[in-house]
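Novice: Quick one: structure below, then a few questions.
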Amino acid sequence: MDRKAMTIPTFKGRRRRSKTAAEVGHALGFRSGLEVRIAAELETATGSPVPYESTTITYEKPAKKSRYTPDFRLPNGIFVETKGRFVTADRQKHLAIQAQHPVYDIRFVFSNPNQRISKQSSTTYAMWCERHGFKYAKGSVPLAWIREKVTP
C-alpha cells in the first residue's frame, strides 16, 4: 500500500475526495496507520499479503485481589447497591462477588430497571438480575427489605 492518497470511485462514476492510506487501511480492518504500513512492508518483503489478525491465542488473566464497598448495609445485613448505569464491569464484578461470597445478600436499586444493558441487547437490568438471582427495586429501597428478617 502506498502512503499517497487513494481515490475510491462511487457507484455513479462520481468521485469522492481522496482517502488516505490510513482510511483505506481502516476500511480493510486495520486499526492504525502503523498496522497499514507494516502490512505493506511485509507484503513487499514476502511477495504476498501476510494474514492480519488471523490467529487467536487464549490465555487466562492472573487472579487479582479486588475490593468492593457496597453503598449501604441494612441493619438486617442486606447490602444495597444503587445504580443509575449498570455497565459490564459492574455486572462482572457482582457475578464474581456472588460466586465467591454466596452468603452475602446484595440487592440493587436502579433508577430505571427497564434500561437495556447495552444498545445491542434486549436484556434489561431487571432481566439480568432475575437471570442471576439478584433482587432489585426501582427508585428506592422497599420497606419490606428493611423489615425483612435475614437468617444467617
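Following the order of the C-alpha cells, first chain is A, next is B, and so on, with residues numbered from 1 inside each chain and ligands from 1 in the order they appear.
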So that I can see what lies close to range 117-126 of chain A, please list as number ranges by chain the residues with an atom at most 8 Å from it, counting only C-alpha atoms and leaving out residues fewer than 5 positions away in the same chain.

Specialist: A: 86-88, 136

Novice: Mind dumping the selected residues with N, CA and C atoms as a JSON list (two decimals), in the first residue's frame?

Specialist:
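This went into result12.json:
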```json
[["chain", "number", "residue", "atom", "x", "y", "z"],
["A", 86, "PHE", "N", -25.52, 0.55, 34.82],
["A", 86, "PHE", "CA", -25.07, -0.77, 35.27],
["A", 86, "PHE", "C", -24.23, -1.37, 34.15],
["A", 87, "VAL", "N", -22.98, -0.95, 34.08],
["A", 87, "VAL", "CA", -22.09, -1.30, 32.97],
["A", 87, "VAL", "C", -21.54, -2.72, 33.12],
["A", 88, "THR", "N", -20.95, -3.21, 32.06],
["A", 88, "THR", "CA", -20.42, -4.57, 32.02],
["A", 88, "THR", "C", -19.48, -4.86, 33.18],
["A", 136, "TYR", "N", -34.02, -6.78, 43.10],
["A", 136, "TYR", "CA", -33.84, -5.40, 42.70],
["A", 136, "TYR", "C", -35.13, -4.62, 42.94]]
```

Novice: Separation of CA of Ala40 in chain A and CA of Glu53 in chain A, in Å?

Specialist: 14.8 Å

Novice: Just how far from CA of Tyr59 in chain A is CA of Glu43 in chain A, in Å to one decimal?

Specialist: 29.3 Å

Novice: Tell me which of A:Tyr52, A:Ser32, A:Phe134, A:Pro113 sits closest to Gly84 in chain A, counting only C-alpha atoms.

Specialist: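 That would be A:Pro113, the residue with the smallest distance to Gly84 in chain A.
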
Novice: Could you check how far CA of Val109 in chain A sits from CA of Trp128 in chain A, in Å to one decimal?

Specialist: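 Straight-line distance from CA of Val109 in chain A to CA of Trp128 in chain A works out to 13.3 Å.
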
Novice: So that I can check the secondary structure, give me every residue of range 31-98 of chain A assigned strand (DSSP E or B) by backbone DSSP, as a count of residues only.

Specialist: 7

Novice: Quick one: of A:Lys149, A:Arg107, A:Arg131, A:Arg67, who's nearest to Val80 in chain A, counting only C-alpha atoms?

Specialist: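 Closest candidate: A:Arg107.
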
Novice: Tell me, as an NGL selection string, which residues lie within 12 Å of Pro102 in chain A, counting only C-alpha atoms; anything in the same chain fewer than 6 positions away does not count.

Specialist: :A and (94-96 or 133-134 or 152)

Novice: Take the residues from that selection and put them in a file with C-alpha atoms, as a compact mmCIF listing (two decimals), in the first residue's frame.

Specialist:
```txt
# COMPACT_ATOMS: atom_id res chain seq x y z
CA HIS A 94 -21.19 -8.65 41.08
CA LEU A 95 -21.20 -12.10 39.47
CA ALA A 96 -17.69 -12.69 40.85
CA GLY A 133 -30.65 -14.38 41.24
CA PHE A 134 -30.32 -10.79 42.43
CA PRO A 152 -27.51 -16.08 58.93
```

Novice: Could you check which of A:Ala99, A:Gly29, A:Lys93, A:Ile146 is closest to Ser66 in chain A, using only C-alpha atoms?

Specialist: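 Nearest to Ser66 in chain A: A:Lys93.
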
Novice: Determine the nearest neighbour of Lys65 in chain A from the options A:Cys129, A:Val150, A:Val141, A:Ile97, counting only C-alpha atoms.

Specialist: A:Ile97

Novice: Leaving out Ser140 in chain A and any residue of its chain fewer than 5 positions from it, which residues lie within 9 Å of it when counting only C-alpha atoms, given as a PDB file with N, CA and C atoms, in the first residue's frame?

Specialist:
```pdb
ATOM      1  N   THR A  82     -26.885   0.994  44.830  1.00  0.00           N
ATOM      2  CA  THR A  82     -27.703   1.862  43.990  1.00  0.00           C
ATOM      3  C   THR A  82     -27.009   2.063  42.651  1.00  0.00           C
ATOM      4  N   VAL A 109     -30.878  -1.208  43.725  1.00  0.00           N
ATOM      5  CA  VAL A 109     -31.928  -0.223  43.491  1.00  0.00           C
ATOM      6  C   VAL A 109     -31.492   0.546  42.248  1.00  0.00           C
ATOM      7  N   PHE A 110     -32.279   0.399  41.186  1.00  0.00           N
ATOM      8  CA  PHE A 110     -31.976   1.055  39.915  1.00  0.00           C
ATOM      9  C   PHE A 110     -32.849   2.286  39.741  1.00  0.00           C
ATOM     10  N   SER A 111     -32.292   3.293  39.091  1.00  0.00           N
ATOM     11  CA  SER A 111     -33.135   4.434  38.743  1.00  0.00           C
ATOM     12  C   SER A 111     -34.124   4.001  37.663  1.00  0.00           C
TER      13      SER A 111
END
```

Novice: Which is closer to His132 in chain A than all the others in A:Glu81, A:His101, A:Arg91, A:Asn114, using only C-alpha atoms?

Specialist: A:Arg91
